[in-house]
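Shown below: data-v8.txt, with compact mmCIF, C-alpha atoms.
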```
# COMPACT_ATOMS: atom_id res chain seq x y z
CA MET A 4 108.81 -123.38 -37.87
CA SER A 5 107.65 -126.94 -38.31
CA VAL A 6 107.41 -129.76 -40.79
CA LYS A 7 104.68 -132.38 -40.58
CA ILE A 8 104.01 -135.23 -42.94
CA ARG A 9 101.25 -137.76 -43.07
CA GLU A 10 100.26 -140.73 -45.13
CA ARG A 11 96.79 -140.76 -46.71
CA ILE A 12 95.21 -143.98 -47.87
CA TYR A 13 92.22 -143.61 -50.18
CA SER A 14 90.13 -146.76 -50.02
CA GLU A 15 87.74 -145.41 -52.65
CA THR A 16 90.47 -145.21 -55.28
CA ASN A 17 92.97 -147.71 -53.81
CA THR A 18 95.83 -145.18 -53.78
CA VAL A 19 98.36 -143.94 -51.18
CA THR A 20 99.90 -140.47 -51.05
CA TRP A 21 102.17 -138.55 -48.67
CA GLN A 22 101.32 -134.99 -47.75
CA ALA A 23 103.44 -132.22 -46.20
CA ASP A 24 102.34 -129.38 -43.91
CA ILE A 25 105.17 -126.82 -43.68
CA HIS A 26 105.24 -123.69 -41.48
CA VAL A 27 107.98 -121.10 -42.08
CA LYS A 28 108.68 -117.67 -40.54
CA LEU A 29 110.92 -115.44 -42.70
CA LEU A 30 113.45 -112.87 -41.44
CA ASP A 31 111.13 -110.03 -42.45
CA GLY A 32 108.38 -111.45 -40.23
CA ARG A 33 106.25 -112.97 -42.96
CA LYS A 34 104.74 -116.36 -42.24
CA ILE A 35 104.26 -119.02 -44.85
CA ARG A 36 102.21 -122.16 -44.54
CA GLU A 37 102.30 -124.61 -47.41
CA ARG A 38 100.37 -127.85 -47.68
CA SER A 39 101.02 -130.06 -50.65
CA THR A 40 101.14 -133.62 -51.92
CA ILE A 41 104.70 -134.94 -51.95
CA PRO A 42 105.58 -136.10 -55.49
CA GLY A 43 107.11 -139.54 -55.86
CA ALA A 44 107.27 -140.34 -52.13
CA THR A 45 107.06 -144.05 -51.35
CA SER A 46 108.06 -144.07 -47.66
CA ARG A 47 107.99 -141.87 -44.57
CA SER A 48 111.74 -141.19 -44.74
CA SER A 49 111.65 -140.05 -48.38
CA ALA A 50 108.59 -137.90 -47.69
CA LEU A 51 110.28 -136.26 -44.70
CA LYS A 52 113.45 -135.59 -46.70
CA TRP A 53 111.45 -133.85 -49.43
CA ALA A 54 109.52 -131.76 -46.90
CA GLN A 55 112.70 -130.65 -45.08
CA GLU A 56 114.33 -129.60 -48.34
CA ARG A 57 111.17 -127.79 -49.28
CA GLN A 58 111.22 -125.96 -45.93
CA ARG A 59 114.80 -124.78 -46.52
CA TRP A 60 113.82 -123.53 -49.98
CA LEU A 61 110.92 -121.56 -48.57
CA ILE A 62 113.16 -119.95 -45.94
CA LEU A 63 115.52 -118.74 -48.68
CA HIS A 64 113.05 -117.85 -51.44
CA GLY A 65 109.54 -117.66 -50.06
CA HIS A 66 106.96 -118.42 -52.76
CA GLU A 67 108.84 -116.79 -55.63
CA GLU A 68 109.63 -120.18 -57.14
CA ARG A 69 106.05 -120.33 -58.45
CA GLU A 70 107.21 -118.06 -61.26
CA ASP A 71 109.61 -120.77 -62.35
CA LYS A 72 107.67 -123.29 -64.40
CA SER A 73 110.15 -125.99 -63.47
CA GLU A 74 108.99 -125.69 -59.85
CA ALA A 75 105.25 -125.86 -60.63
CA PRO A 76 103.25 -128.41 -58.63
CA GLU A 77 103.39 -131.86 -60.09
CA MET A 78 100.37 -132.81 -62.16
CA PRO A 79 98.23 -135.31 -60.22
CA THR A 80 97.17 -138.62 -61.65
CA LEU A 81 93.50 -139.36 -62.17
CA ALA A 82 93.55 -141.61 -59.08
CA GLU A 83 95.06 -138.87 -56.92
CA PHE A 84 92.68 -136.20 -58.17
CA CYS A 85 89.62 -138.44 -57.77
CA GLN A 86 89.95 -138.40 -53.98
CA ARG A 87 89.98 -134.60 -54.00
CA PHE A 88 86.99 -134.70 -56.37
CA ILE A 89 85.07 -136.89 -53.91
CA ASP A 90 85.92 -134.73 -50.89
CA GLU A 91 85.67 -131.25 -52.39
CA TYR A 92 83.04 -131.72 -55.09
CA VAL A 93 80.79 -134.71 -54.45
CA VAL A 94 80.60 -134.49 -50.66
CA ALA A 95 80.94 -130.69 -50.51
CA ASN A 96 77.94 -130.26 -52.84
CA ARG A 97 75.86 -132.45 -50.52
CA LEU A 98 74.82 -134.95 -53.13
CA LYS A 99 72.53 -137.74 -52.01
CA PRO A 100 74.24 -140.64 -50.17
CA SER A 101 73.18 -143.03 -52.94
CA THR A 102 74.70 -140.69 -55.55
CA ILE A 103 77.95 -140.39 -53.59
CA GLU A 104 78.24 -144.15 -53.25
CA ASN A 105 77.47 -144.64 -56.94
CA LYS A 106 80.22 -142.23 -57.98
CA LYS A 107 82.71 -143.89 -55.63
CA MET A 108 81.81 -147.28 -57.11
CA LEU A 109 82.26 -146.06 -60.69
CA LEU A 110 85.64 -144.55 -59.84
CA ARG A 111 86.83 -147.57 -57.86
CA SER A 112 85.59 -150.26 -60.23
CA TYR A 113 85.95 -148.70 -63.68
CA LEU A 114 87.84 -145.42 -64.08
CA VAL A 115 90.79 -145.86 -61.71
CA PRO A 116 91.73 -149.43 -62.78
CA ILE A 117 92.13 -148.31 -66.41
CA LEU A 118 93.14 -144.64 -66.27
CA GLY A 119 94.15 -144.16 -62.64
CA GLU A 120 97.89 -143.86 -63.31
CA ARG A 121 97.50 -141.35 -66.15
CA LYS A 122 98.33 -137.71 -65.41
CA LEU A 123 95.25 -135.54 -65.77
CA ASP A 124 96.75 -133.46 -68.56
CA GLU A 125 97.80 -136.61 -70.45
CA ILE A 126 94.35 -138.18 -70.74
CA SER A 127 93.55 -138.19 -74.46
CA GLU A 128 90.73 -139.16 -76.77
CA ALA A 129 92.63 -142.40 -77.39
CA ASP A 130 92.37 -143.12 -73.64
CA VAL A 131 88.64 -142.49 -73.80
CA GLN A 132 88.32 -144.96 -76.66
CA ARG A 133 90.40 -147.47 -74.70
CA LEU A 134 87.99 -147.01 -71.83
CA LYS A 135 85.03 -147.79 -74.10
CA ALA A 136 86.76 -150.86 -75.52
CA GLY A 137 87.53 -152.16 -72.03
CA PHE A 138 83.85 -152.18 -71.12
CA ALA A 139 82.45 -153.65 -74.32
CA GLU A 140 80.45 -156.19 -72.31
CA LEU A 141 78.58 -153.52 -70.35
CA ALA A 142 75.29 -151.96 -71.40
CA PRO A 143 75.63 -148.66 -73.31
CA ALA A 144 73.82 -146.81 -70.52
CA THR A 145 76.37 -148.05 -67.97
CA VAL A 146 79.32 -147.05 -70.16
CA ASN A 147 77.76 -143.63 -70.67
CA ASN A 148 77.46 -143.20 -66.90
CA ILE A 149 81.20 -143.90 -66.62
CA LEU A 150 81.99 -141.45 -69.41
CA THR A 151 79.76 -138.79 -67.86
CA LEU A 152 81.61 -139.13 -64.55
CA LEU A 153 85.00 -138.87 -66.29
CA SER A 154 83.79 -135.73 -68.05
CA THR A 155 82.62 -134.22 -64.75
CA VAL A 156 85.96 -135.00 -63.08
CA LEU A 157 87.95 -133.36 -65.88
CA LYS A 158 85.66 -130.32 -66.10
CA THR A 159 86.07 -129.87 -62.36
CA ALA A 160 89.87 -130.05 -62.78
CA ILE A 161 89.62 -127.25 -65.37
CA GLU A 162 87.46 -125.11 -63.07
CA TRP A 163 89.99 -125.56 -60.25
CA GLY A 164 92.89 -124.60 -62.49
CA VAL A 165 94.54 -128.02 -62.40
CA ILE A 166 94.40 -128.54 -66.18
CA LYS A 167 93.68 -126.19 -69.07
CA ALA A 168 91.87 -128.52 -71.47
CA MET A 169 90.29 -131.94 -71.71
CA PRO A 170 89.69 -134.45 -74.50
CA ARG A 171 86.38 -134.66 -76.27
CA ILE A 172 84.30 -137.42 -74.73
CA ARG A 173 81.73 -138.95 -77.06
CA LYS A 174 79.06 -141.11 -75.50
CA LEU A 175 77.77 -144.32 -77.00
CA LYS A 176 74.52 -144.29 -78.89
CA LYS A 177 71.87 -145.59 -76.53
CA GLU A 178 69.42 -148.22 -77.64
CA ASP A 179 65.79 -147.99 -76.66
CA GLN A 180 65.49 -149.51 -73.21
CA GLY A 181 62.60 -151.86 -72.70
CA PHE A 182 60.88 -152.27 -69.36
CA SER A 183 58.62 -154.80 -67.71
CA PHE A 184 55.14 -153.96 -66.47
CA TYR A 185 51.90 -155.74 -65.65
CA ASP A 186 48.84 -155.31 -67.83
CA GLU A 187 45.57 -154.62 -66.05
CA GLY A 188 44.54 -158.26 -65.73
CA THR A 189 47.91 -159.41 -64.42
CA PHE A 190 48.07 -156.55 -61.93
CA GLU A 191 44.63 -157.51 -60.59
CA ARG A 192 45.93 -161.07 -60.06
CA LEU A 193 48.83 -159.63 -58.09
CA VAL A 194 46.55 -157.44 -55.94
CA THR A 195 44.30 -160.43 -55.21
CA ALA A 196 47.31 -162.55 -54.23
CA ALA A 197 48.72 -159.81 -51.98
CA SER A 198 45.34 -159.28 -50.30
CA GLY A 199 45.30 -162.95 -49.32
CA ILE A 200 48.72 -162.72 -47.65
CA ASP A 201 48.42 -159.74 -45.26
CA PRO A 202 47.58 -156.00 -45.24
CA MET A 203 51.23 -154.94 -45.48
CA CYS A 204 51.74 -157.00 -48.61
CA LYS A 205 48.62 -155.51 -50.19
CA LEU A 206 49.75 -151.96 -49.34
CA VAL A 207 53.16 -152.55 -50.91
CA VAL A 208 51.53 -153.63 -54.17
CA LEU A 209 49.01 -150.76 -54.17
CA LEU A 210 51.53 -148.06 -53.25
CA GLY A 211 53.76 -149.15 -56.10
CA GLY A 212 51.14 -150.03 -58.72
CA GLU A 213 48.42 -147.45 -58.01
CA ALA A 214 50.50 -144.55 -56.64
CA GLY A 215 53.77 -145.08 -58.47
CA LEU A 216 56.01 -144.91 -55.39
CA ARG A 217 59.61 -146.08 -55.70
CA GLY A 218 60.88 -148.74 -53.31
CA GLY A 219 62.65 -146.22 -51.08
CA GLU A 220 59.58 -143.97 -51.08
CA ILE A 221 57.41 -146.87 -49.93
CA VAL A 222 59.83 -147.57 -47.08
CA ALA A 223 59.95 -143.90 -46.00
CA LEU A 224 56.20 -143.20 -46.25
CA ARG A 225 54.60 -142.15 -42.95
CA LEU A 226 50.94 -141.87 -41.99
CA ARG A 227 51.28 -138.08 -41.72
CA HIS A 228 52.17 -138.05 -45.42
CA CYS A 229 48.73 -139.53 -46.20
CA ASP A 230 45.91 -137.00 -46.28
CA LEU A 231 43.03 -139.44 -45.92
CA ARG A 232 40.38 -136.74 -45.93
CA ARG A 233 41.46 -135.36 -49.31
CA GLY A 234 42.71 -138.72 -50.58
CA VAL A 235 46.22 -137.47 -51.37
CA ILE A 236 49.68 -138.89 -50.66
CA HIS A 237 52.50 -136.39 -50.16
CA VAL A 238 55.65 -138.07 -51.45
CA ASP A 239 58.23 -136.03 -49.53
CA GLU A 240 60.83 -138.58 -48.45
CA ASN A 241 62.93 -141.43 -49.76
CA GLU A 242 65.13 -143.84 -47.84
CA TRP A 243 68.36 -145.43 -49.07
CA GLN A 244 70.32 -147.72 -46.74
CA GLY A 245 69.12 -145.87 -43.65
CA HIS A 246 69.60 -142.40 -45.13
CA VAL A 247 66.36 -140.41 -45.41
CA GLY A 248 66.22 -137.55 -47.90
CA THR A 249 64.06 -136.13 -50.64
CA PRO A 250 62.85 -138.27 -53.56
CA LYS A 251 64.95 -138.72 -56.68
CA GLY A 252 65.74 -135.44 -58.40
CA ASN A 253 64.61 -133.61 -55.21
CA ARG A 254 61.10 -133.68 -56.68
CA VAL A 255 58.45 -133.88 -53.98
CA ARG A 256 54.98 -134.53 -55.37
CA GLN A 257 51.37 -135.34 -54.58
CA VAL A 258 49.56 -138.45 -55.78
CA VAL A 259 45.80 -138.86 -55.63
CA MET A 260 44.81 -142.16 -54.02
CA THR A 261 42.68 -144.72 -55.81
CA SER A 262 39.57 -145.74 -53.88
CA ARG A 263 40.98 -149.10 -52.76
CA LEU A 264 44.36 -147.64 -51.77
CA ARG A 265 42.54 -145.02 -49.74
CA ALA A 266 40.38 -147.68 -48.10
CA ALA A 267 43.46 -149.75 -47.21
CA LEU A 268 45.18 -146.72 -45.65
CA VAL A 269 42.04 -145.73 -43.72
CA GLU A 270 41.83 -149.27 -42.32
CA LEU A 271 45.50 -149.12 -41.34
CA ALA A 272 45.21 -145.66 -39.73
CA ALA A 273 42.38 -146.93 -37.52
CA THR A 274 44.87 -149.28 -35.83
CA ARG A 275 47.63 -146.68 -35.38
CA ALA A 276 47.74 -143.89 -32.80
CA ASP A 277 51.06 -142.45 -33.94
CA ARG A 278 50.65 -140.37 -37.12
CA ASP A 279 54.43 -140.21 -37.48
CA SER A 280 54.77 -143.99 -37.74
CA ARG A 281 55.87 -145.60 -40.99
CA VAL A 282 53.08 -147.04 -43.12
CA ILE A 283 55.01 -150.20 -43.92
CA VAL A 284 56.37 -151.98 -40.84
CA ARG A 285 57.37 -155.53 -39.93
CA GLU A 286 55.05 -157.87 -38.06
CA ASP A 287 56.64 -156.83 -34.74
CA GLY A 288 56.06 -153.15 -35.54
CA SER A 289 59.71 -152.38 -36.24
CA GLN A 290 60.79 -150.32 -39.23
CA ALA A 291 60.79 -152.11 -42.56
CA THR A 292 63.67 -151.96 -45.04
CA LYS A 293 63.88 -152.10 -48.80
CA ARG A 294 64.67 -155.81 -48.52
CA VAL A 295 61.51 -156.38 -46.48
CA VAL A 296 59.44 -154.57 -49.13
CA ASP A 297 61.07 -156.72 -51.83
CA GLY A 298 60.17 -159.81 -49.79
CA TRP A 299 56.48 -158.92 -49.57
CA LEU A 300 56.31 -158.31 -53.30
CA LEU A 301 58.04 -161.62 -53.97
CA LYS A 302 55.47 -163.45 -51.84
CA ALA A 303 52.62 -161.90 -53.85
CA GLN A 304 54.33 -162.76 -57.14
CA ARG A 305 54.74 -166.39 -56.08
CA VAL A 306 51.09 -166.72 -55.08
CA ALA A 307 50.01 -165.05 -58.33
CA GLY A 308 52.26 -167.35 -60.36
CA LEU A 309 54.40 -164.49 -61.66
CA PRO A 310 58.19 -164.38 -62.09
CA LYS A 311 60.32 -162.55 -59.55
CA LYS A 312 60.72 -158.82 -60.23
CA GLY A 313 61.73 -155.87 -58.08
CA PRO A 314 59.32 -153.15 -56.91
CA HIS A 315 60.15 -150.91 -59.88
CA VAL A 316 57.92 -153.15 -62.03
CA LEU A 317 55.02 -151.70 -60.03
CA ARG A 318 56.09 -148.14 -60.86
CA HIS A 319 56.34 -149.09 -64.54
CA THR A 320 52.87 -150.60 -64.24
CA PHE A 321 51.51 -147.38 -62.72
CA CYS A 322 52.84 -145.24 -65.59
CA SER A 323 51.91 -147.77 -68.26
CA LEU A 324 48.29 -148.14 -67.15
CA LEU A 325 47.97 -144.36 -66.92
CA ALA A 326 49.23 -144.02 -70.50
CA ALA A 327 46.98 -146.83 -71.74
CA SER A 328 43.96 -145.16 -70.16
CA GLY A 329 44.65 -141.95 -72.05
CA ALA A 330 46.17 -139.82 -69.27
CA ALA A 331 47.97 -136.71 -70.51
CA PRO A 332 51.79 -137.01 -70.62
CA ARG A 333 52.17 -133.99 -68.34
CA ALA A 334 49.88 -135.60 -65.76
CA ILE A 335 51.89 -138.83 -65.86
CA GLN A 336 55.12 -136.86 -65.45
CA GLU A 337 53.79 -134.99 -62.41
CA LEU A 338 52.27 -138.06 -60.73
CA ALA A 339 55.41 -140.13 -61.24
CA GLY A 340 57.80 -137.31 -60.37
CA HIS A 341 59.81 -137.64 -63.58
CA LEU A 342 62.46 -134.93 -63.82
CA HIS A 343 62.54 -135.05 -67.63
CA SER A 344 59.65 -135.51 -70.03
CA THR A 345 61.78 -137.95 -72.04
CA THR A 346 61.37 -140.43 -69.18
CA THR A 347 57.59 -140.15 -69.47
CA ASP A 348 57.77 -140.52 -73.25
CA ARG A 349 58.81 -144.17 -72.81
CA TYR A 350 55.22 -145.01 -71.87
CA LEU A 351 53.37 -143.06 -74.56
CA HIS A 352 53.43 -145.85 -77.13
CA LEU A 353 50.86 -147.53 -74.87
CA ALA A 354 48.34 -144.77 -75.49
CA PRO A 355 46.45 -145.97 -78.61
CA SER A 356 43.61 -143.55 -77.91
CA ALA A 357 45.94 -140.62 -78.50
CA LEU A 358 47.11 -142.15 -81.77
CA LYS A 359 43.53 -142.73 -82.88
CA THR A 360 42.68 -139.13 -82.03
CA ALA A 361 45.58 -137.89 -84.14
CA ILE A 362 44.51 -139.99 -87.15
CA GLY A 363 40.93 -138.81 -86.61
CA LEU A 364 42.09 -135.21 -86.93
CA LEU A 365 43.88 -136.10 -90.14
CA GLU A 366 40.77 -137.74 -91.56
CA ALA A 367 38.59 -134.80 -90.52
CA ALA A 368 40.96 -132.36 -92.19
CA ARG A 369 41.05 -134.43 -95.37
CA HIS A 370 37.26 -134.45 -95.62
CA GLY A 371 36.88 -130.79 -94.80
CA HIS A 372 35.56 -131.29 -91.24
CA VAL A 373 38.10 -129.41 -89.15
CA THR A 374 36.88 -128.67 -85.66
CA GLY A 375 37.32 -125.08 -84.48
CA GLY A 376 38.48 -123.70 -87.84
CA ASP A 377 37.94 -123.58 -91.58
CA ALA A 378 38.34 -126.54 -93.83
CA LEU A 379 41.63 -126.88 -95.58
CA PRO A 380 41.60 -125.57 -99.15
CA ASN A 381 41.96 -128.00 -102.00
CA ASN A 382 45.14 -127.56 -103.96
```
Could the structure of this file be written out as structure tokens, please?
Amino acid sequence: MSVKIRERIYSETNTVTWQADIHVKLLDGRKIRERSTIPGATSRSSALKWAQERQRWLILHGHEEREDKSEAPEMPTLAEFCQRFIDEYVVANRLKPSTIENKKMLLRSYLVPILGERKLDEISEADVQRLKAGFAELAPATVNNILTLLSTVLKTAIEWGVIKAMPRIRKLKKEDQGFSFYDEGTFERLVTAASGIDPMCKLVVLLGGEAGLRGGEIVALRLRHCDLRRGVIHVDENEWQGHVGTPKGNRVRQVVMTSRLRAALVELAATRADRDSRVIVREDGSQATKRVVDGWLLKAQRVAGLPKKGPHVLRHTFCSLLAASGAAPRAIQELAGHLHSTTTDRYLHLAPSALKTAIGLLEAARHGHVTGGDALPNN
């Protein structure tokens, strides 16, 4: 028989709990091991006292007390449950490191400070509304991310049998999100400026603006991912703070190179013997980071007389120019690696040719010139 206690400090949620690990052997030979969070413990001595009393109870009664509702495990607070959620849901499901860190940040910075002390089964719709009111200064999309995480936490608690129900969580109505991109003339200015700086700077601009790679995908791209004979880039990897994994949404894809991007990569490959080397490297040949990529883009923007913007403006430019040139939405979705077609739809207002075609069909139908079918009858 033994009783062990330990203190657990959760930096992610800024909470402290005491936990007991109790081993008991009954007179009939049965062995019981119980591990549980100690309710209300604020010090080692109080935690030990609770655990010793619990051990004596188990010796006398075994686990039969579970039938007594008064002895049911104490309902955890949101802050206490969030650490279990991180360990047994987020990490256990092998989410991307960037996703794990994002969820920890949302819990630490938003959910726990407002609702952390509430018992899980006491969180109500009024609490959800209080949460919305507390973040009135944040963008609707950010608030909705917080609400989505709260919903996931509570649904997980239901699945694990911790609570039986949860409040209804209504998201905010999202406004149309605008985005910045370069028109064709402005993008050409940027390419010219980058070409005058150095080959790495030019490749950063072309990989983002003519292949649609995200910043982390540019950093992770290797020469072996570039099929120079076929003129295709295999976007298989993404890097985030030193962690290399699959691209966003686990969507690997292929992008056909433009002629000048292909020429730039062929020129680069001629100077490299190692096909496994990164495409974008520092001047000393060492591995580049996202910050280095941002720096090269900033240099090109300064020379071109453009305001500072992150590399995602290049990805927006890639999709926007495709839409403006009349590319099919499905093609844009596949080239960009969008998980949902609604993401691609943001760019379709830039496709006037498609709108003109639609009006042309209407005009043709009105005048009895329907292609591939009979004219519409006059009513």
Subject >> For segment 92-108 of chain A: contacts at 12 Å, only C-alpha atoms, fewer than 4 positions along chain excluded, given as a ChimeraX atom specification >> reply: /A:13-17,82,84-88,112-116,145,148-153,155-160,162-163,219,241-253
Original post:
Neighbours of segment 201-213 of chain A within 6 Å (all atoms listed in the file; same-chain residues fewer than 5 positions away dropped), as a list of chain:residue names?
Top reply: A:Trp299, A:Leu317, A:Arg318, A:Thr320, A:Phe321
**OP:** Would you work out the distance separating atom CA of Val165 of chain A from atom CA of Leu118 of chain A, expressed in Å to one decimal?
**Re:**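 The value is 17.1 Å.
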Which polymer residues have any atom within 10 Å of an atom of Leu51 of chain A, counting all atoms listed in the file, with same-chain residues fewer than 3 positions away left out, as an mmCIF file with C-alpha atoms, keeping the file's coordinate frame?
```cif
data_model
loop_
_atom_site.group_PDB
_atom_site.id
_atom_site.type_symbol
_atom_site.label_atom_id
_atom_site.label_comp_id
_atom_site.auth_asym_id
_atom_site.auth_seq_id
_atom_site.Cartn_x
_atom_site.Cartn_y
_atom_site.Cartn_z
ATOM 1 C CA VAL A 6 107.410 -129.760 -40.790
ATOM 2 C CA LYS A 7 104.680 -132.380 -40.580
ATOM 3 C CA ILE A 8 104.010 -135.230 -42.940
ATOM 4 C CA ARG A 9 101.250 -137.760 -43.070
ATOM 5 C CA TRP A 21 102.170 -138.550 -48.670
ATOM 6 C CA GLN A 22 101.320 -134.990 -47.750
ATOM 7 C CA ALA A 23 103.440 -132.220 -46.200
ATOM 8 C CA ILE A 41 104.700 -134.940 -51.950
ATOM 9 C CA ALA A 44 107.270 -140.340 -52.130
ATOM 10 C CA SER A 46 108.060 -144.070 -47.660
ATOM 11 C CA ARG A 47 107.990 -141.870 -44.570
ATOM 12 C CA SER A 48 111.740 -141.190 -44.740
ATOM 13 C CA ALA A 54 109.520 -131.760 -46.900
ATOM 14 C CA GLN A 55 112.700 -130.650 -45.080
ATOM 15 C CA GLU A 56 114.330 -129.600 -48.340
ATOM 16 C CA ARG A 57 111.170 -127.790 -49.280
#
```
Original post:
Using only C-alpha atoms, which of the listed residues (A:Ile221, A:Ala326, A:Ala267, A:Leu226) sits closest to Glu240 of chain A?
Top reply: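 That would be A:Ile221, the residue with the smallest distance to Glu240 of chain A.
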**OP:** Report the distance between atom CA of Phe184 of chain A and atom CA of Ser262 of chain A in Å, rounded to one decimal place.
**Re:** 21.6 Å
**OP:** Mind giving me the straight-line distance from atom CA of Asp90 of chain A to atom CA of Phe138 of chain A in Å, one decimal?
**Re:** 26.8 Å
**OP:** Just the residues within 9 Å of Ser183 of chain A, please, counting only C-alpha atoms, with nothing from its chain fewer than 2 positions along; format it as a ChimeraX atom specification.
**Re:** /A:181,185,312,315-316,319-320
**OP:** Have a look at A:Glu91, A:Asp279, A:Glu270, A:Glu191 and name the one nearest to Ala223 of chain A; count all atoms listed in the file.
**Re:** A:Asp279
What lies within 9 Å of Asn147 of chain A using all atoms listed in the file, ignoring chain neighbours under 3 positions off, as a tab-separated table (two decimals) with C-alpha atoms, keeping the file's coordinate frame?
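Result saved to selection_32.tsv:
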```
chain	number	residue	atom	x	y	z
A	142	ALA	CA	75.29	-151.96	-71.40
A	143	PRO	CA	75.63	-148.66	-73.31
A	144	ALA	CA	73.82	-146.81	-70.52
A	150	LEU	CA	81.99	-141.45	-69.41
A	151	THR	CA	79.76	-138.79	-67.86
A	152	LEU	CA	81.61	-139.13	-64.55
A	173	ARG	CA	81.73	-138.95	-77.06
A	174	LYS	CA	79.06	-141.11	-75.50
A	175	LEU	CA	77.77	-144.32	-77.00
A	176	LYS	CA	74.52	-144.29	-78.89
A	177	LYS	CA	71.87	-145.59	-76.53
```
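The residue that comes closest to Gln257 of chain A, out of A:Ser127, A:Thr189, A:Gln336, A:Gln132 and on the basis of all atoms listed in the file, is A:Gln336.
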Original post:
Restricting the calculation to only C-alpha atoms, which member of A:Ser5, A:Gly298, A:Ser39, A:Ala50 is positioned closest to Ile62 of chain A?
Top reply: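 When distances to Ile62 of chain A are compared using only C-alpha atoms, the smallest one comes from A:Ser5.
With all atoms listed in the file as the basis for measurement, A:Lys167 is the residue among A:His26, A:Arg36, A:Arg233, A:Lys167 that approaches Met78 of chain A most closely.
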Select, counting all atoms listed in the file, all protein, DNA and RNA residues no farther than 10 Å from (101.3, -139.5, -62.9) in file coordinates, and express the selection as a PDB file with C-alpha atoms, in the frame of the given file.
```pdb
ATOM      1  CA  PRO A  42     105.580-136.100 -55.490  1.00  0.00           C
ATOM      2  CA  GLY A  43     107.110-139.540 -55.860  1.00  0.00           C
ATOM      3  CA  GLU A  77     103.390-131.860 -60.090  1.00  0.00           C
ATOM      4  CA  MET A  78     100.370-132.810 -62.160  1.00  0.00           C
ATOM      5  CA  PRO A  79      98.230-135.310 -60.220  1.00  0.00           C
ATOM      6  CA  THR A  80      97.170-138.620 -61.650  1.00  0.00           C
ATOM      7  CA  LEU A  81      93.500-139.360 -62.170  1.00  0.00           C
ATOM      8  CA  ALA A  82      93.550-141.610 -59.080  1.00  0.00           C
ATOM      9  CA  GLU A  83      95.060-138.870 -56.920  1.00  0.00           C
ATOM     10  CA  GLY A 119      94.150-144.160 -62.640  1.00  0.00           C
ATOM     11  CA  GLU A 120      97.890-143.860 -63.310  1.00  0.00           C
ATOM     12  CA  ARG A 121      97.500-141.350 -66.150  1.00  0.00           C
ATOM     13  CA  LYS A 122      98.330-137.710 -65.410  1.00  0.00           C
ATOM     14  CA  LEU A 123      95.250-135.540 -65.770  1.00  0.00           C
ATOM     15  CA  ASP A 124      96.750-133.460 -68.560  1.00  0.00           C
ATOM     16  CA  GLU A 125      97.800-136.610 -70.450  1.00  0.00           C
TER      17      GLU A 125
END
```
